[in-house]
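One file, query.txt, is given below (compact mmCIF, C-alpha atoms).
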```txt
# COMPACT_ATOMS: atom_id res chain seq x y z
CA MET A 1 -87.44 73.33 30.82
CA LYS A 2 -87.56 69.90 32.39
CA LEU A 3 -88.09 68.43 29.00
CA PHE A 4 -84.91 70.08 27.67
CA VAL A 5 -82.80 68.80 30.59
CA SER A 6 -84.09 65.26 30.07
CA PHE A 7 -83.20 65.46 26.41
CA CYS A 8 -79.63 66.56 27.19
CA CYS A 9 -79.16 63.74 29.66
CA CYS A 10 -80.33 61.15 27.17
CA PHE A 11 -77.98 62.56 24.52
CA ALA A 12 -75.01 62.41 26.88
CA VAL A 13 -75.71 58.79 27.81
CA ALA A 14 -76.01 57.82 24.14
CA ALA A 15 -72.73 59.55 23.24
CA ALA A 16 -70.90 57.78 26.06
CA ALA A 17 -72.26 54.41 24.97
CA LEU A 18 -71.20 55.06 21.36
CA ALA A 19 -67.69 56.04 22.43
CA GLU A 20 -67.35 52.88 24.52
CA THR A 21 -68.49 50.71 21.62
CA GLN A 22 -65.97 52.27 19.22
CA ASP A 23 -63.16 51.82 21.75
CA ASN A 24 -63.93 48.12 22.18
CA GLN A 25 -63.98 47.60 18.41
CA HIS A 26 -60.57 49.30 18.10
CA LYS A 27 -59.08 47.02 20.77
CA LYS A 28 -60.42 43.89 19.03
CA LYS A 29 -58.96 45.09 15.73
CA ASN A 30 -55.53 45.62 17.30
CA THR A 31 -55.64 42.15 18.83
CA ALA A 32 -56.69 40.34 15.62
CA GLN A 33 -54.26 42.11 13.27
CA PRO A 34 -50.75 42.60 14.66
CA SER A 35 -48.63 45.49 13.50
CA PRO A 36 -46.42 45.16 10.38
CA GLU A 37 -43.34 45.00 12.62
CA ALA A 38 -44.85 42.08 14.55
CA GLN A 39 -45.46 40.21 11.27
CA GLN A 40 -41.74 40.29 10.33
CA PRO A 41 -39.67 37.28 11.59
CA ILE A 42 -36.97 37.97 14.07
CA LYS A 43 -33.65 37.92 12.24
CA SER A 44 -31.00 35.79 13.89
CA LYS A 45 -27.38 36.74 13.70
CA GLY A 46 -25.00 34.55 11.75
CA ARG A 47 -25.93 31.68 9.33
CA ARG A 48 -29.54 30.86 8.47
CA PRO A 49 -30.69 27.63 10.12
CA TYR A 50 -30.77 24.47 7.94
CA ASN A 51 -33.80 22.30 7.65
CA ALA A 52 -33.43 18.52 7.70
CA SER A 53 -33.06 18.10 3.93
CA GLN A 54 -30.51 20.90 3.64
CA LEU A 55 -28.42 19.48 6.48
CA GLN A 56 -28.48 15.99 4.97
CA GLY A 57 -27.32 17.45 1.66
CA GLN A 58 -24.42 19.23 3.32
CA GLN A 59 -23.37 16.03 5.09
CA ASN A 60 -23.39 14.11 1.83
CA MET A 61 -21.04 16.67 0.31
CA VAL A 62 -18.41 16.15 3.01
CA LYS A 63 -15.61 13.91 1.69
CA PRO A 64 -13.54 11.80 4.08
CA LYS A 65 -9.93 12.77 4.45
CA SER A 66 -7.45 10.56 2.68
CA HIS A 67 -4.79 8.79 4.69
CA ASN A 68 -1.40 8.87 3.03
CA LEU A 69 -0.13 5.52 4.17
CA PRO A 70 3.21 4.25 2.93
CA ALA A 71 2.87 1.63 0.25
CA VAL A 72 5.10 -0.53 -1.85
CA GLN A 73 6.08 1.41 -4.94
CA PRO A 74 5.25 -0.42 -8.18
CA ASN A 75 7.89 -1.04 -10.81
CA ALA A 76 8.10 1.77 -13.36
CA GLN A 77 7.98 -0.63 -16.32
CA ALA A 78 7.39 -4.31 -16.91
CA PHE A 79 10.50 -6.39 -17.49
CA HIS A 80 10.45 -9.30 -19.91
CA PRO A 81 12.98 -12.05 -19.08
CA ARG A 82 15.31 -13.09 -21.88
CA HIS A 83 18.16 -15.50 -22.48
CA PHE A 84 21.74 -14.27 -22.05
CA ASN A 85 24.86 -15.76 -23.55
CA LEU A 86 26.93 -16.16 -20.40
CA ALA A 87 30.48 -17.39 -19.95
CA ASN A 88 29.26 -19.99 -17.45
CA LYS A 89 32.46 -20.01 -15.45
CA PRO A 90 33.51 -18.61 -12.08
CA ASN A 91 34.43 -14.96 -11.84
CA PRO A 92 37.88 -14.66 -10.23
CA ASN A 93 36.89 -11.23 -8.89
CA VAL A 94 33.98 -12.66 -6.92
CA PRO A 95 35.04 -14.58 -3.79
CA ALA A 96 33.63 -18.06 -3.30
CA ALA A 97 31.26 -18.80 -0.46
CA LYS A 98 32.45 -21.33 2.09
CA PHE A 99 30.43 -24.25 3.37
CA THR A 100 29.32 -23.73 6.98
CA PRO A 101 27.14 -26.53 8.43
CA ASN A 102 25.28 -24.30 10.89
CA HIS A 103 24.87 -21.39 8.50
CA ARG A 104 21.59 -19.46 8.68
CA ILE A 105 20.69 -16.51 6.50
CA ALA A 106 21.10 -13.40 8.63
CA GLY A 107 17.84 -11.60 9.38
CA SER A 108 15.62 -14.26 7.82
CA GLU A 109 13.87 -14.91 11.15
CA ASN A 110 12.28 -11.47 10.75
CA TRP A 111 10.99 -12.02 7.21
CA LYS A 112 7.32 -12.92 7.55
CA GLY A 113 5.12 -14.73 5.05
CA GLN A 114 5.24 -17.79 2.81
CA LYS A 115 7.36 -16.02 0.23
CA TYR A 116 10.28 -16.11 2.66
CA THR A 117 9.81 -19.59 4.11
CA ALA A 118 12.67 -21.00 2.03
CA PHE A 119 15.06 -18.40 3.45
CA ARG A 120 14.00 -18.96 7.06
CA ALA A 121 14.33 -22.74 6.70
CA TYR A 122 17.54 -22.83 4.68
CA HIS A 123 20.63 -24.54 6.02
CA PRO A 124 23.40 -25.98 3.81
CA GLU A 125 23.88 -29.74 3.54
CA TRP A 126 26.94 -31.68 2.40
CA HIS A 127 26.29 -34.92 0.50
CA ASP A 128 27.92 -36.91 -2.26
CA GLN A 129 26.61 -37.29 -5.79
CA ALA A 130 24.71 -40.50 -5.07
CA TRP A 131 22.76 -38.88 -2.24
CA TRP A 132 21.85 -35.79 -4.26
CA ARG A 133 20.72 -37.87 -7.23
CA SER A 134 18.56 -40.07 -5.06
CA HIS A 135 16.81 -37.10 -3.46
CA HIS A 136 16.39 -34.64 -6.34
CA ASN A 137 15.40 -35.15 -9.94
CA ARG A 138 17.02 -32.05 -11.40
CA ILE A 139 20.60 -31.06 -10.69
CA ILE A 140 22.52 -28.78 -13.05
CA PHE A 141 26.02 -27.35 -13.35
CA VAL A 142 26.27 -23.55 -13.52
CA PHE A 143 29.32 -21.29 -13.09
CA GLY A 144 31.46 -23.95 -11.47
CA GLY A 145 28.83 -25.21 -9.03
CA TRP A 146 26.04 -27.77 -8.86
CA TYR A 147 22.48 -26.66 -8.06
CA PHE A 148 19.39 -28.70 -7.26
CA TRP A 149 15.79 -27.65 -7.92
CA ASP A 150 13.15 -27.70 -5.17
CA GLY A 151 9.80 -25.90 -4.96
CA GLY A 152 10.58 -22.92 -7.17
CA TYR A 153 14.14 -22.40 -5.87
CA TRP A 154 17.66 -23.31 -6.88
CA TYR A 155 19.95 -24.37 -4.03
CA PRO A 156 23.69 -25.12 -3.97
CA ALA A 157 24.30 -28.89 -3.83
CA TRP A 158 27.21 -28.81 -1.44
CA GLY A 159 29.44 -31.88 -1.73
CA TYR A 160 28.23 -32.96 -5.16
CA ASP A 161 31.65 -31.79 -6.26
CA PRO A 162 33.99 -31.05 -3.33
CA TYR A 163 35.70 -28.37 -5.42
CA ALA A 164 32.57 -26.63 -6.69
CA TYR A 165 32.31 -22.83 -6.73
CA TYR A 166 29.36 -20.91 -5.29
CA ALA A 167 29.19 -17.14 -5.10
CA TYR A 168 26.19 -17.20 -2.75
CA ASP A 169 25.10 -19.73 -0.16
CA GLY A 170 21.32 -19.63 -0.16
CA PRO A 171 18.17 -20.13 -2.24
CA ILE A 172 17.65 -18.35 -5.57
CA TYR A 173 14.00 -17.98 -6.55
CA ALA A 174 13.12 -18.75 -10.18
CA GLY A 175 9.41 -19.57 -10.03
CA SER A 176 9.76 -22.30 -12.62
CA ALA A 177 12.57 -24.55 -13.72
CA ALA A 178 12.63 -22.91 -17.16
CA MET A 179 15.59 -20.70 -16.18
CA ASP A 180 18.73 -21.91 -14.49
CA PRO A 181 20.15 -19.84 -11.60
CA GLY A 182 22.65 -18.11 -13.89
CA GLN A 183 19.90 -16.86 -16.21
CA VAL A 184 17.78 -15.75 -13.27
CA VAL A 185 20.65 -13.72 -11.84
CA ALA A 186 21.49 -12.26 -15.26
CA ASN A 187 17.91 -11.10 -15.80
CA VAL A 188 17.81 -9.49 -12.37
CA GLN A 189 21.10 -7.75 -13.11
CA ALA A 190 19.72 -6.44 -16.39
CA ALA A 191 16.50 -5.21 -14.76
CA LEU A 192 18.40 -3.43 -12.00
CA GLN A 193 20.82 -2.01 -14.54
CA ALA A 194 17.94 -0.53 -16.54
CA GLN A 195 16.65 1.23 -13.41
CA GLY A 196 20.04 2.56 -12.34
CA TYR A 197 20.62 0.25 -9.38
CA TYR A 198 23.35 -1.90 -10.88
CA ASN A 199 26.33 -0.71 -12.91
CA GLY A 200 28.31 -3.93 -13.13
CA GLU A 201 28.54 -6.62 -15.77
CA VAL A 202 25.60 -8.87 -16.59
CA ASP A 203 27.45 -12.11 -15.84
CA GLY A 204 24.84 -14.22 -14.03
CA ILE A 205 26.87 -14.39 -10.80
CA LEU A 206 25.22 -13.37 -7.53
CA GLY A 207 28.27 -11.62 -6.11
CA PRO A 208 28.58 -8.77 -3.59
CA LEU A 209 28.01 -6.00 -6.18
CA THR A 210 24.80 -7.61 -7.42
CA ARG A 211 23.56 -8.31 -3.92
CA ALA A 212 24.18 -4.70 -2.88
CA ALA A 213 22.16 -3.50 -5.88
CA ILE A 214 19.32 -5.86 -4.94
CA ALA A 215 19.35 -4.53 -1.38
CA ARG A 216 19.05 -0.92 -2.58
CA TYR A 217 16.15 -1.83 -4.84
CA GLN A 218 14.38 -3.70 -2.05
CA GLN A 219 14.79 -0.80 0.34
CA ASP A 220 13.36 1.70 -2.16
CA HIS A 221 10.37 -0.52 -2.90
CA GLY A 222 9.33 -1.42 0.63
CA LEU A 223 10.52 -5.03 0.53
CA TYR A 224 12.44 -7.05 3.07
CA ILE A 225 16.13 -6.42 2.50
CA THR A 226 17.23 -9.97 1.78
CA SER A 227 20.07 -8.97 -0.58
CA ALA A 228 19.02 -12.07 -2.53
CA ILE A 229 16.66 -13.09 -5.30
CA ASP A 230 13.37 -13.86 -3.59
CA GLU A 231 9.82 -14.19 -4.86
CA ALA A 232 8.66 -10.72 -3.77
CA THR A 233 11.60 -9.06 -5.50
CA LEU A 234 11.00 -10.88 -8.78
CA GLU A 235 7.33 -9.91 -8.61
CA SER A 236 8.24 -6.28 -8.04
CA LEU A 237 10.59 -6.39 -11.04
CA GLY A 238 7.80 -7.85 -13.16
CA MET A 239 9.62 -11.15 -13.66
CA ALA A 240 7.31 -13.49 -11.73
```
Now, as a test, write the supplied structure out as structure tokens.
Amino acid sequence: MKLFVSFCCCFAVAAAALAETQDNQHKKKNTAQPSPEAQQPIKSKGRRPYNASQLQGQQNMVKPKSHNLPAVQPNAQAFHPRHFNLANKPNPNVPAAKFTPNHRIAGSENWKGQKYTAFRAYHPEWHDQAWWRSHHNRIIFVFGGWYFWDGGYWYPAWGYDPYAYYAYDGPIYAGSAAMDPGQVVANVQAALQAQGYYNGEVDGILGPLTRAAIARYQQDHGLYITSAIDEATLESLGMA
């Protein structure tokens, strides 16, 4: 009887030890291998995060915004200067300019840059023929008036002939002495006529109608409104 009781006690102790061993193994297994749910990454709401290379690629694809700044409009077509057969006499419908010793071109003080220096500095001078000939090598007669050449411009030679006729008192840019002031004006008239700015006669006289057409062209093309033939205007017309 004692032997049987001892046997039962030993069996109970062994069973308890085996159960404890199996429980410890199960805990270790759970710790080493997480559940399938734990293996899945946590999903974030919204866009997937970029890595460094992806973010750099996105930044390279971004294009800067363009700035629509006003700019001078180019001439629609190139204009080729040509020679016109002009009457070379005053137009009775165009009033003559009067000599004014202290005359300055209105607004020229606001025209910046070397292309407008001649207009800012201009003031009419009255001299006789001997003085003009001693100071300038080229003096020509056009449309009833005498003009002298200086640095790319034609100027009225006031006093060369006391009865001379000038439609405009100021410099006329030609660029080179190849064209006289009448031909320069005629070519500008033709260019403006072709673009719809001038509807008068191509007569080579820089009268009020021509000057108004020049002013409209200059305004539309972002130029200083000189109402005269200046270097920037000839360049815009493709003539310089």
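Our summary of the geometry notes that atom CA of Tyr217 of chain A is positioned 26.0 Å from atom CA of Ala87 of chain A.
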A straight line from atom CA of Tyr147 of chain A to atom CA of Ile225 of chain A spans 23.7 Å
Could you pull the residues within 10 Å of Trp132 of chain A, counting only C-alpha atoms, minus those fewer than 3 positions along the same chain, as an MDAnalysis selection string? chainID A and resid 126:129 135:139 147:148 157:160
Store the residues picked out above, limited to C-alpha atoms, as a PDB file, keeping the file's coordinate frame.
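Done, and the output landed in part-v1.pdb:
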```pdb
ATOM      1  CA  TRP A 126      26.940 -31.680   2.400  1.00  0.00           C
ATOM      2  CA  HIS A 127      26.290 -34.920   0.500  1.00  0.00           C
ATOM      3  CA  ASP A 128      27.920 -36.910  -2.260  1.00  0.00           C
ATOM      4  CA  GLN A 129      26.610 -37.290  -5.790  1.00  0.00           C
ATOM      5  CA  HIS A 135      16.810 -37.100  -3.460  1.00  0.00           C
ATOM      6  CA  HIS A 136      16.390 -34.640  -6.340  1.00  0.00           C
ATOM      7  CA  ASN A 137      15.400 -35.150  -9.940  1.00  0.00           C
ATOM      8  CA  ARG A 138      17.020 -32.050 -11.400  1.00  0.00           C
ATOM      9  CA  ILE A 139      20.600 -31.060 -10.690  1.00  0.00           C
ATOM     10  CA  TYR A 147      22.480 -26.660  -8.060  1.00  0.00           C
ATOM     11  CA  PHE A 148      19.390 -28.700  -7.260  1.00  0.00           C
ATOM     12  CA  ALA A 157      24.300 -28.890  -3.830  1.00  0.00           C
ATOM     13  CA  TRP A 158      27.210 -28.810  -1.440  1.00  0.00           C
ATOM     14  CA  GLY A 159      29.440 -31.880  -1.730  1.00  0.00           C
ATOM     15  CA  TYR A 160      28.230 -32.960  -5.160  1.00  0.00           C
TER      16      TYR A 160
END
```
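If you measure from each of A:Phe143, A:Tyr163, A:Trp131, A:Tyr153 to Leu206 of chain A using only C-alpha atoms, the closest one turns out to be A:Phe143.
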Polymer residues at most 9 Å from (10.9, -26.6, -0.4) by all atoms listed in the file, as a list in words
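Taken together, the residues in range are Thr117, Ala118, Ala121, Asp150, Gly151, Gly152 and Tyr153 of chain A.
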Selection above as a file: C-alpha atoms, as a short mmCIF file (atom, residue, chain, number, x, y, z; two decimals), in the coordinates of the input:
```cif
data_model
loop_
_atom_site.label_atom_id
_atom_site.label_comp_id
_atom_site.auth_asym_id
_atom_site.auth_seq_id
_atom_site.Cartn_x
_atom_site.Cartn_y
_atom_site.Cartn_z
CA THR A 117 9.81 -19.59 4.11
CA ALA A 118 12.67 -21.00 2.03
CA ALA A 121 14.33 -22.74 6.70
CA ASP A 150 13.15 -27.70 -5.17
CA GLY A 151 9.80 -25.90 -4.96
CA GLY A 152 10.58 -22.92 -7.17
CA TYR A 153 14.14 -22.40 -5.87
#
```
Please provide as a PDB file with C-alpha atoms, in the coordinates of the input all residues within 8 Å of segment 167-181 of chain A, with the sequence filter that same-chain residues fewer than 2 positions apart are discarded (counting only C-alpha atoms).
```
ATOM      1  CA  VAL A  94      33.980 -12.660  -6.920  1.00  0.00           C
ATOM      2  CA  PRO A  95      35.040 -14.580  -3.790  1.00  0.00           C
ATOM      3  CA  ALA A  96      33.630 -18.060  -3.300  1.00  0.00           C
ATOM      4  CA  ALA A  97      31.260 -18.800  -0.460  1.00  0.00           C
ATOM      5  CA  LYS A  98      32.450 -21.330   2.090  1.00  0.00           C
ATOM      6  CA  PHE A  99      30.430 -24.250   3.370  1.00  0.00           C
ATOM      7  CA  ILE A 105      20.690 -16.510   6.500  1.00  0.00           C
ATOM      8  CA  ALA A 118      12.670 -21.000   2.030  1.00  0.00           C
ATOM      9  CA  PHE A 119      15.060 -18.400   3.450  1.00  0.00           C
ATOM     10  CA  TYR A 122      17.540 -22.830   4.680  1.00  0.00           C
ATOM     11  CA  HIS A 123      20.630 -24.540   6.020  1.00  0.00           C
ATOM     12  CA  PRO A 124      23.400 -25.980   3.810  1.00  0.00           C
ATOM     13  CA  ILE A 140      22.520 -28.780 -13.050  1.00  0.00           C
ATOM     14  CA  VAL A 142      26.270 -23.550 -13.520  1.00  0.00           C
ATOM     15  CA  TRP A 149      15.790 -27.650  -7.920  1.00  0.00           C
ATOM     16  CA  GLY A 152      10.580 -22.920  -7.170  1.00  0.00           C
ATOM     17  CA  TYR A 153      14.140 -22.400  -5.870  1.00  0.00           C
ATOM     18  CA  TRP A 154      17.660 -23.310  -6.880  1.00  0.00           C
ATOM     19  CA  TYR A 155      19.950 -24.370  -4.030  1.00  0.00           C
ATOM     20  CA  PRO A 156      23.690 -25.120  -3.970  1.00  0.00           C
ATOM     21  CA  TYR A 165      32.310 -22.830  -6.730  1.00  0.00           C
ATOM     22  CA  GLN A 183      19.900 -16.860 -16.210  1.00  0.00           C
ATOM     23  CA  VAL A 184      17.780 -15.750 -13.270  1.00  0.00           C
ATOM     24  CA  VAL A 185      20.650 -13.720 -11.840  1.00  0.00           C
ATOM     25  CA  GLY A 204      24.840 -14.220 -14.030  1.00  0.00           C
ATOM     26  CA  ILE A 205      26.870 -14.390 -10.800  1.00  0.00           C
ATOM     27  CA  LEU A 206      25.220 -13.370  -7.530  1.00  0.00           C
ATOM     28  CA  GLY A 207      28.270 -11.620  -6.110  1.00  0.00           C
ATOM     29  CA  ALA A 228      19.020 -12.070  -2.530  1.00  0.00           C
ATOM     30  CA  ILE A 229      16.660 -13.090  -5.300  1.00  0.00           C
ATOM     31  CA  ASP A 230      13.370 -13.860  -3.590  1.00  0.00           C
ATOM     32  CA  GLU A 231       9.820 -14.190  -4.860  1.00  0.00           C
ATOM     33  CA  ALA A 240       7.310 -13.490 -11.730  1.00  0.00           C
TER      34      ALA A 240
END
```
Please provide as a PyMOL selection string all residues within 9 Å of segment 186-189 of chain A, with the sequence filter that same-chain residues fewer than 5 positions apart are discarded (counting only C-alpha atoms). chain A and resi 79-84+86+181+194+197-206+210+213-214+229+234+237+239
| request: Tell me which protein, DNA and RNA residues are within 9 Å of Gly107 of chain A, counting all atoms listed in the file, leaving out same-chain ones fewer than 4 positions away, and put them as a PyMOL selection string. | output: chain A and resi 111+120+225-226
- Task: Record the distance separating atom CA of Gln193 of chain A and atom CA of Lys115 of chain A, expressed in Å with one decimal.
- Result: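 Computed distance, atom CA of Gln193 of chain A to atom CA of Lys115 of chain A, equals 24.4 Å.
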As a CSV table (one decimal), in the coordinates of the input, the rebuilt segment 111-129 of chain A with N, CA and C atoms:
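Contents of out-v8.csv, as written:
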```
chain,number,residue,atom,x,y,z
A,111,TRP,N,11.7,-12.1,8.5
A,111,TRP,CA,11.0,-12.0,7.2
A,111,TRP,C,9.7,-12.9,7.3
A,112,LYS,N,8.6,-12.2,7.3
A,112,LYS,CA,7.3,-12.9,7.6
A,112,LYS,C,6.7,-13.3,6.2
A,113,GLY,N,5.9,-14.3,6.2
A,113,GLY,CA,5.1,-14.7,5.0
A,113,GLY,C,5.7,-15.9,4.3
A,114,GLN,N,4.8,-16.6,3.5
A,114,GLN,CA,5.2,-17.8,2.8
A,114,GLN,C,6.3,-17.5,1.8
A,115,LYS,N,6.4,-16.3,1.3
A,115,LYS,CA,7.4,-16.0,0.2
A,115,LYS,C,8.8,-16.1,0.8
A,116,TYR,N,8.9,-16.1,2.1
A,116,TYR,CA,10.3,-16.1,2.7
A,116,TYR,C,10.5,-17.4,3.5
A,117,THR,N,9.6,-18.3,3.4
A,117,THR,CA,9.8,-19.6,4.1
A,117,THR,C,11.1,-20.3,3.8
A,118,ALA,N,11.4,-20.3,2.5
A,118,ALA,CA,12.7,-21.0,2.0
A,118,ALA,C,13.9,-20.4,2.6
A,119,PHE,N,13.9,-19.1,2.9
A,119,PHE,CA,15.1,-18.4,3.4
A,119,PHE,C,15.1,-18.7,4.9
A,120,ARG,N,14.0,-18.7,5.6
A,120,ARG,CA,14.0,-19.0,7.1
A,120,ARG,C,14.4,-20.4,7.3
A,121,ALA,N,14.1,-21.3,6.5
A,121,ALA,CA,14.3,-22.7,6.7
A,121,ALA,C,15.7,-23.2,6.2
A,122,TYR,N,16.3,-22.4,5.4
A,122,TYR,CA,17.5,-22.8,4.7
A,122,TYR,C,18.7,-23.1,5.6
A,123,HIS,N,19.3,-24.2,5.4
A,123,HIS,CA,20.6,-24.5,6.0
A,123,HIS,C,21.4,-25.5,5.0
A,124,PRO,N,22.7,-25.2,4.8
A,124,PRO,CA,23.4,-26.0,3.8
A,124,PRO,C,23.6,-27.4,4.3
A,125,GLU,N,23.6,-28.3,3.3
A,125,GLU,CA,23.9,-29.7,3.5
A,125,GLU,C,25.0,-30.2,2.6
A,126,TRP,N,25.8,-31.1,3.2
A,126,TRP,CA,26.9,-31.7,2.4
A,126,TRP,C,26.7,-33.2,2.2
A,127,HIS,N,26.5,-33.5,0.9
A,127,HIS,CA,26.3,-34.9,0.5
A,127,HIS,C,27.1,-35.2,-0.8
A,128,ASP,N,27.2,-36.5,-1.0
A,128,ASP,CA,27.9,-36.9,-2.3
A,128,ASP,C,26.9,-37.0,-3.4
A,129,GLN,N,27.4,-37.3,-4.6
A,129,GLN,CA,26.6,-37.3,-5.8
A,129,GLN,C,25.5,-38.3,-5.7
```
